[in-house]
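Participant: Take this structure, written in structure tokens, and hold onto it; I'll ask about it next.
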Amino acid sequence: MKSLLVFSLALVTVYGQGLDPALLKKPATDSWPTYNGDYSGRHYSTLDQINRSNVAGLTLAWSSQLNAPLEGPNFGGEHKDGDPYFWGTPTAGARVAGEPLLVNGVLYVSAPDHAWALDARTGKEIWHYYWKTLGGIHIGNRGMAMYANWLFFETPDCYLVSLDATTGHERWHKRIADVKQQYFCTPAPVVIKDHVVAGMGGDSLDVQGYLQSFDPETGDVQWKWYTTPQKPGDPGYNTWPDEYARTHGGGMPWQPVTYDPDLNLLYVTTGGANPTFSGKSRKGDNLYANSIAALNPDTGKMAWYFQFTPHDTWDWDNTQNAILFDAEFQGRQRKMVGMAASNGYFFVLDRTNGKSLVTEPFVDFPNWVLRKAPDGHLIPNPAKEPSIGGTLIAPGKATNWPPSTFDPQTGLFYVGMTQGYNILYASDTSERPEGYAGIGTGSGPYGSAGAIRAIDYKTGKIRWSFPLPASGVQGLLSTAGHLLFGHDTARDFMALDVDTGKPLWHAQLASNPTNGPQTFLLDGKQYILTAAGDTLYAFTLRK
Amino acid sequence: MILKSPAFAIGVALALMTGAGLAAQGRGGRGANLAKGTDITSSRNFDMAAVDRGKAKFAMLCASCHGEDGRGGPGKTEVDLVRSVLVLDDVGGKDLGKFLKTGRPARKMPAFTLASEEVSDIAAFLHHNVTVASERGAYKYLDVLVGDPKAGEAYFNGAGGCTKCHSVTGDLKGIGAKYDPPNIQLHMVTGGGGGRGSANNPATAKMATITLPDGKVVTGILTRITPFSITVRDASGAPQTFERDGDNPKVVVTDPLQAHLDLMRKYTDEEMHNLTAYLATLK
């Protein structure tokens with residue numbers, strides 16, 4: 001017990017009152033204390049011990065298969081024996097589709113209904129926590145947040161759970177949203193100062209999206225920001241025809257937020273408008289669905305917004321990694337935010353005010369845009385909305401939640417993408433369509449081609465493209481060692497040269513990685529960590 | 001969102017695991033012997049006789065204000081019973097029954113005196129309506145034959161270039177009877193049902209020609225290609241795998257379905273609809 005006590009004190013000392021905002025400018029190298037490793041969302045590390053001259057010697061340090069029993073001595077949750085389930089049931093096994101945290105030599109890992117602490121030097125389990133779910137779609141969990149010695153994660157039935165990092169025992173849980181209304185929650189919360197910022201999801205029925213901030217000590221709600229305008233005078237109020245549409249318009253904020261401590265703004269991205277495949281009952285642009293918004297993390301007050309897909313009828317959730325970076329643009333240093341959106345377009349905005357700098361496709365044949373407005377907004381083609389006879393739509397979903405990365409050394413964005421066609425059918429032509437209200441045929445885009453692409457942030461032009469045999473949507477990591485880590489969609493975890501896309505190393509895993517790769521120093525050694533299904537793999541250099 | 005994994009299979013598996021027979025608070029109410037651990041909101045788990053009784057009762061008592069489908073809207077109440085939190089929170093008619101006893105006079109919703117079976121039937125109908133709206137795996141296509149078969153025939157024989165590979169009296173004979181219209185369209189667009197089918201079918205399988213550094217050439221059906229290896233099945237049926245390092249060995253892949261991929265980039269939705277309408281006539 002003594003060692004546990006010392007360990008917990010050490011954590012309090014290091015992370016006393018939350019994460020150090022300086023992490024944005026000076027990413028931690030011996031920790032991965034928040035979803036993206038730092039607040040910027042760049043998914044980039046300054047570590048270069050592993051680099052392109054020695055990466056050929058990268059080898060497995062350990063692998064660890066997570067044990068995910070549906071019972072255990074350490075559990076929580078609202079479900080009692082004999083209760084029914086709503087809109088989903090517990091799932092056997094674990095799939096890690098988020099980013100473990102690494103703090104003081106301990107990895108904190110989560111999956112739907114499960115959380116673990118693992119010894120980062122061996123992958124061995126320290127504790128396990130199980131959540132007895134009320135239901136909800138068990139699609140994924142993006143990971144945890146940490147404040148002092150407290151951990152926070154979300155459950156599929158939409159609770160925010162706080163655990164003691166030392167023991168894994170639950171401190172409290174608070175309801176984020178009502179699972180009976182078909183909300184389900186996947187995001188990793190993000191700690192900003194003394195705020196636990198937690199998003200949510202749910203697109204099966206037409207419900208309202210919101211982002212909340214919770215007090216890390218008590219779990220009390222500090223503020224709530226709705227993803228649609230709430231009262232006359234709110235910007236974008238008239239982009240919905242009526243209250244019925246406005247208050248059931250979706251726009252779920254299910255991507256972990258990024259944050260700029262200097263501007264004191266967090267950046268939240270929002271999912272598609274509901275009903276998903278029908279715009280009939282929601283004529284207008286439907287703000288702030290499919291958008292990025294900058295909020296004050298102390299108040300939840302919105303500073304600006306920019307919509308990437310106005311009046312979305314294609315399920316193009318705009319919930320990609322919003323990457324904050326400072327660099328030169330047209331002759332002057334600027335604070336920018338960039339994103340490769342699921343609609344197939346790459347956007348760069350000035351993150352102080354939301355003004356557009358670049359809007360260019362990173363896919364080869366998008367067919368849904370009528371034209372680009374002078375202010376960088378895209379005007380969709382109404383003829384390409386889902387129809388009774390079927391509408392061929394491209395690019396499909398070009399990107400998704402897995403983190404893309406920005407390398408400040410090359411000035412390139414790296415994106416795991418896919419492109420192809422879907423046929424989208426309208427299936428509900430009533431006055432009040434509900435839910436998806438349409439059918440997307442097949443399991444994915446036809447004739448799809450996956451690739452990892454390097455995009456020049458100044459122009460949106462593709463610098464290089466590494467073709468992949470299947471959909472290439474995936475999480476990536478770039479490092480100061482001039483390396484880009486990702487996978488080839490055929491179970492090879494690999495390192496590419498950031499300048500050329502040439503593969504320098506690969507290793508065949510049991511399945512394709514299911515999260516974004518991470519890196520950190522431990523005992524002076526650089527590790528590369530990735531998860532594939534229920535198994536974590538840690539790589540380091542051969543001695 | 002993506003890849004929504006329906007809870008169906010899991011619910012069934014779990015029901016089996018936990019043992020059937022324990023009656024849960026089924027939303028369908030009577031007759032629904034649901035296993036412990038069942039997702040009672042799944043459309044699979046409804047007592048459809050109760051849903052039908054509830055539908056008839058609803059049409060008689062409620063539809064004049066709420067509409068046949070309970071969604072309300074223009075000319076009806078603004079309340080949408082698919083989105084109603086009262087309905088979504090209700091289990092088996094319990095909350096609904098309480099509500100119906102008093103109604104909401106201030107908003108012109110009268111009280112109803114109903115037997116508990118009638119309430120649970122109406123509840124079953126309303127809850128089933130919610131699943132109809134939200135379980136997109138169970139959505140039904142409307143009549144997708146919106147195209148002009150004559151124009152489709154002209155496209156088939158002309159601009160579409162379909163006759164280069166296909167014949168309506170040969171391989172496509174009876175295609176309109178073999179598949180329903182959404183599947184005709186799917187096969188037409190993808191060249192084979194969304195997947196590639198069996199790699200044993202040389203008519204649809206990709207072929208690869210591999211030229212090794214020593215000049216030897218291996219040709220076969222492509223079964224797997226990654227940036228680091230390629231596997232083909234040669235004429236004898238044996239698999240052959242080669243490591244790949246950039247352009248070494250040289251690999252050329254040919255796809256018999258390339259014409260379908262090219263058409264995707266080329267045709268308009270109208271041309272696609274016309275072609276489907278034409279193929280649907282080939283009974």
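We name chains A, B, ... following the order of the structure tokens; residues begin at 1 in each chain, and ligands are numbered from 1 as shown.
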So which residues touch Leu412 in chain A within 6 Å, counting only C-alpha atoms, skipping near sequence neighbours fewer than 3 positions away, as a short mmCIF file (atom, residue, chain, number, x, y, z; two decimals) with C-alpha atoms, in the first residue's frame?

Facilitator:
```cif
data_model
loop_
_atom_site.label_atom_id
_atom_site.label_comp_id
_atom_site.auth_asym_id
_atom_site.auth_seq_id
_atom_site.Cartn_x
_atom_site.Cartn_y
_atom_site.Cartn_z
CA PHE A 406 0.17 17.81 -38.75
CA ASP A 407 3.97 17.84 -38.86
CA ALA A 454 0.07 14.44 -47.46
CA ILE A 455 -1.60 17.85 -47.88
CA ASP A 456 0.18 21.22 -48.11
#
```

Participant: Restrict the calculation to only C-alpha atoms, then for each residue of chain A with any atom at most 6 Å from an atom of chain B give the closest atom pair and their distance in Å to one decimal, rows by chain and rising residue number, as a tab-separated table.

Facilitator:
```
residue	atom	partner	partner_atom	distance
A:Gly82	CA	B:Lys36	CA	5.6
A:Pro84	CA	B:Gly37	CA	5.8
A:Tyr85	CA	B:Asp39	CA	4.5
A:Phe86	CA	B:Asp39	CA	5.6
A:Trp87	CA	B:Thr41	CA	5.7
A:Gly88	CA	B:Ala7	CA	5.1
A:Lys180	CA	B:Leu88	CA	5.8
A:Gln181	CA	B:Leu88	CA	6.0
A:Ser204	CA	B:Ser134	CA	4.9
A:Leu205	CA	B:Ser134	CA	5.4
A:Ile388	CA	B:Val144	CA	5.6
A:Gly389	CA	B:Val144	CA	4.1
A:Thr391	CA	B:Asp269	CA	5.9
A:Ser427	CA	B:Tyr141	CA	5.5
A:Glu434	CA	B:Ala133	CA	5.5
A:Gly435	CA	B:Ser134	CA	5.1
A:Gly442	CA	B:Gly194	CA	5.9
A:Gly447	CA	B:Leu261	CA	5.9
```

Participant: I need the residues from that last selection saved to file as a short mmCIF file (atom, residue, chain, number, x, y, z; two decimals), in the first residue's frame (with N, CA and C atoms), if you can.

Facilitator:
```cif
data_model
loop_
_atom_site.label_atom_id
_atom_site.label_comp_id
_atom_site.auth_asym_id
_atom_site.auth_seq_id
_atom_site.Cartn_x
_atom_site.Cartn_y
_atom_site.Cartn_z
N GLY A 82 -32.05 -8.07 -14.05
CA GLY A 82 -33.45 -8.19 -14.43
C GLY A 82 -33.99 -7.00 -15.19
N PRO A 84 -34.51 -4.37 -18.17
CA PRO A 84 -34.35 -4.47 -19.62
C PRO A 84 -33.23 -3.56 -20.11
N TYR A 85 -32.83 -3.74 -21.34
CA TYR A 85 -31.86 -2.83 -21.97
C TYR A 85 -32.57 -1.96 -23.00
N PHE A 86 -32.04 -0.77 -23.20
CA PHE A 86 -32.62 0.17 -24.16
C PHE A 86 -31.65 0.47 -25.28
N TRP A 87 -32.03 0.08 -26.49
CA TRP A 87 -31.32 0.45 -27.71
C TRP A 87 -29.89 -0.07 -27.77
N GLY A 88 -29.63 -1.14 -27.04
CA GLY A 88 -28.30 -1.74 -27.11
C GLY A 88 -28.08 -2.59 -25.89
N LYS A 180 -32.70 6.54 -23.24
CA LYS A 180 -34.01 6.16 -23.77
C LYS A 180 -34.39 7.01 -24.99
N GLN A 181 -33.77 8.18 -25.11
CA GLN A 181 -33.99 8.99 -26.31
C GLN A 181 -32.99 8.64 -27.41
N SER A 204 -29.78 8.08 -34.19
CA SER A 204 -30.82 7.13 -34.64
C SER A 204 -32.18 7.80 -34.65
N LEU A 205 -32.43 8.62 -33.65
CA LEU A 205 -33.63 9.43 -33.60
C LEU A 205 -33.20 10.89 -33.69
N ILE A 388 -35.71 8.95 -54.13
CA ILE A 388 -36.42 7.66 -54.12
C ILE A 388 -35.74 6.66 -55.04
N GLY A 389 -35.30 7.14 -56.20
CA GLY A 389 -34.65 6.25 -57.16
C GLY A 389 -33.18 5.99 -56.87
N THR A 391 -29.43 8.15 -55.37
CA THR A 391 -28.53 9.21 -55.82
C THR A 391 -27.10 8.72 -55.63
N SER A 427 -36.19 7.02 -48.03
CA SER A 427 -37.13 5.94 -47.69
C SER A 427 -38.32 6.45 -46.89
N GLU A 434 -38.15 10.93 -40.03
CA GLU A 434 -37.52 10.73 -38.72
C GLU A 434 -36.28 9.86 -38.86
N GLY A 435 -35.36 10.03 -37.95
CA GLY A 435 -34.19 9.16 -37.89
C GLY A 435 -33.27 9.37 -39.08
N GLY A 442 -25.38 -0.91 -49.40
CA GLY A 442 -24.09 -1.59 -49.29
C GLY A 442 -23.37 -1.20 -48.03
N GLY A 447 -16.12 0.97 -55.44
CA GLY A 447 -14.94 1.36 -56.19
C GLY A 447 -14.05 2.23 -55.34
#
```

Participant: Could you pull out all residues of range 132-256 of chain A with a DSSP call of alpha helix (DSSP H) and give them as a list of chain:residue names?

Facilitator: A:Glu243, A:Tyr244, A:Ala245, A:Arg246

Participant: Show me, as a list in words, the residues that have an atom within 12 Å of Leu172 in chain B when counting only C-alpha atoms, minus same-chain residues fewer than 3 positions from it.

Facilitator: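 Contacts, with the query itself left out: Phe156, Cys162, Thr163, Cys165, His166, Ser167, Val168, Thr169, Ile175, Gly176, Ala177, Lys178, Tyr179, Ile184, His187, Met188, Tyr278, Leu279, Ala280, Thr281, Leu282 and Lys283 of chain B.
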
Participant: I need the residues from that last selection saved to file as a JSON list (two decimals), in the first residue's frame (with C-alpha atoms), if you can.

Facilitator:
```json
[["chain", "number", "residue", "atom", "x", "y", "z"],
["B", 156, "PHE", "CA", -27.44, 0.27, -72.78],
["B", 162, "CYS", "CA", -22.78, -2.15, -71.90],
["B", 163, "THR", "CA", -22.96, -4.40, -74.97],
["B", 165, "CYS", "CA", -19.50, -7.24, -72.24],
["B", 166, "HIS", "CA", -23.22, -7.98, -71.80],
["B", 167, "SER", "CA", -26.14, -9.30, -73.80],
["B", 168, "VAL", "CA", -29.83, -9.12, -72.82],
["B", 169, "THR", "CA", -30.40, -12.52, -74.43],
["B", 175, "ILE", "CA", -32.13, -10.33, -64.75],
["B", 176, "GLY", "CA", -35.34, -8.40, -64.01],
["B", 177, "ALA", "CA", -36.84, -11.53, -62.46],
["B", 178, "LYS", "CA", -33.69, -12.56, -60.63],
["B", 179, "TYR", "CA", -33.24, -9.37, -58.58],
["B", 184, "ILE", "CA", -30.52, -4.61, -60.00],
["B", 187, "HIS", "CA", -25.33, -4.97, -59.20],
["B", 188, "MET", "CA", -25.27, -2.63, -62.16],
["B", 278, "TYR", "CA", -34.66, -1.04, -68.56],
["B", 279, "LEU", "CA", -32.94, -4.01, -66.88],
["B", 280, "ALA", "CA", -36.01, -4.47, -64.66],
["B", 281, "THR", "CA", -38.06, -5.16, -67.81],
["B", 282, "LEU", "CA", -35.87, -8.15, -68.69],
["B", 283, "LYS", "CA", -38.02, -10.71, -66.91]]
```

Participant: Please provide the set of residues having any atom within 9 Å of Lys94 in chain B, restricted to only C-alpha atoms, with same-chain residues fewer than 2 positions apart removed, written as a list in words.

Facilitator: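 Counting only C-alpha atoms, the residues come to Asp90, Val91, Gly92, Leu96, Gly97, Lys98, Phe99, Ser116, Val119, Ser120 and Ala123 of chain B.
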
Participant: Would you work out the distance separating CA of Leu504 in chain A from CA of Leu484 in chain A, expressed in Å to one decimal?

Facilitator: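 Between CA of Leu504 in chain A and CA of Leu484 in chain A the gap works out to 9.7 Å.
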
Participant: Near range 327-331 of chain A, within 7 Å and counting only C-alpha atoms, which residues show up once chain neighbours fewer than 3 positions away are dropped, as a PyMOL selection string?

Facilitator: chain A and resi 334-335+458

Participant: Counting only C-alpha atoms, which residue out of A:Asp262, A:Asp234, A:Ala97, A:Leu477 sits closest to Ala532 in chain A?

Facilitator: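 Nearest to Ala532 in chain A: A:Ala97.
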
Participant: Measuring atom to atom with only C-alpha atoms, identify which of B:Gly215, B:Gly70, B:Pro202, B:Gly103 is nearest to His127 in chain B.

Facilitator: B:Gly70

Participant: So that I can check the surroundings of Pro213 in chain B, please list as number ranges by chain every protein, DNA and RNA residue that reaches within 9 Å of it, counting only C-alpha atoms and ignoring chain neighbours fewer than 5 positions away.

Facilitator: B: 248-250

Participant: Can you tell me how far CA of Leu392 in chain A sits from CA of Tyr446 in chain A, in Å to one decimal?

Facilitator: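 It comes out at 10.0 Å.
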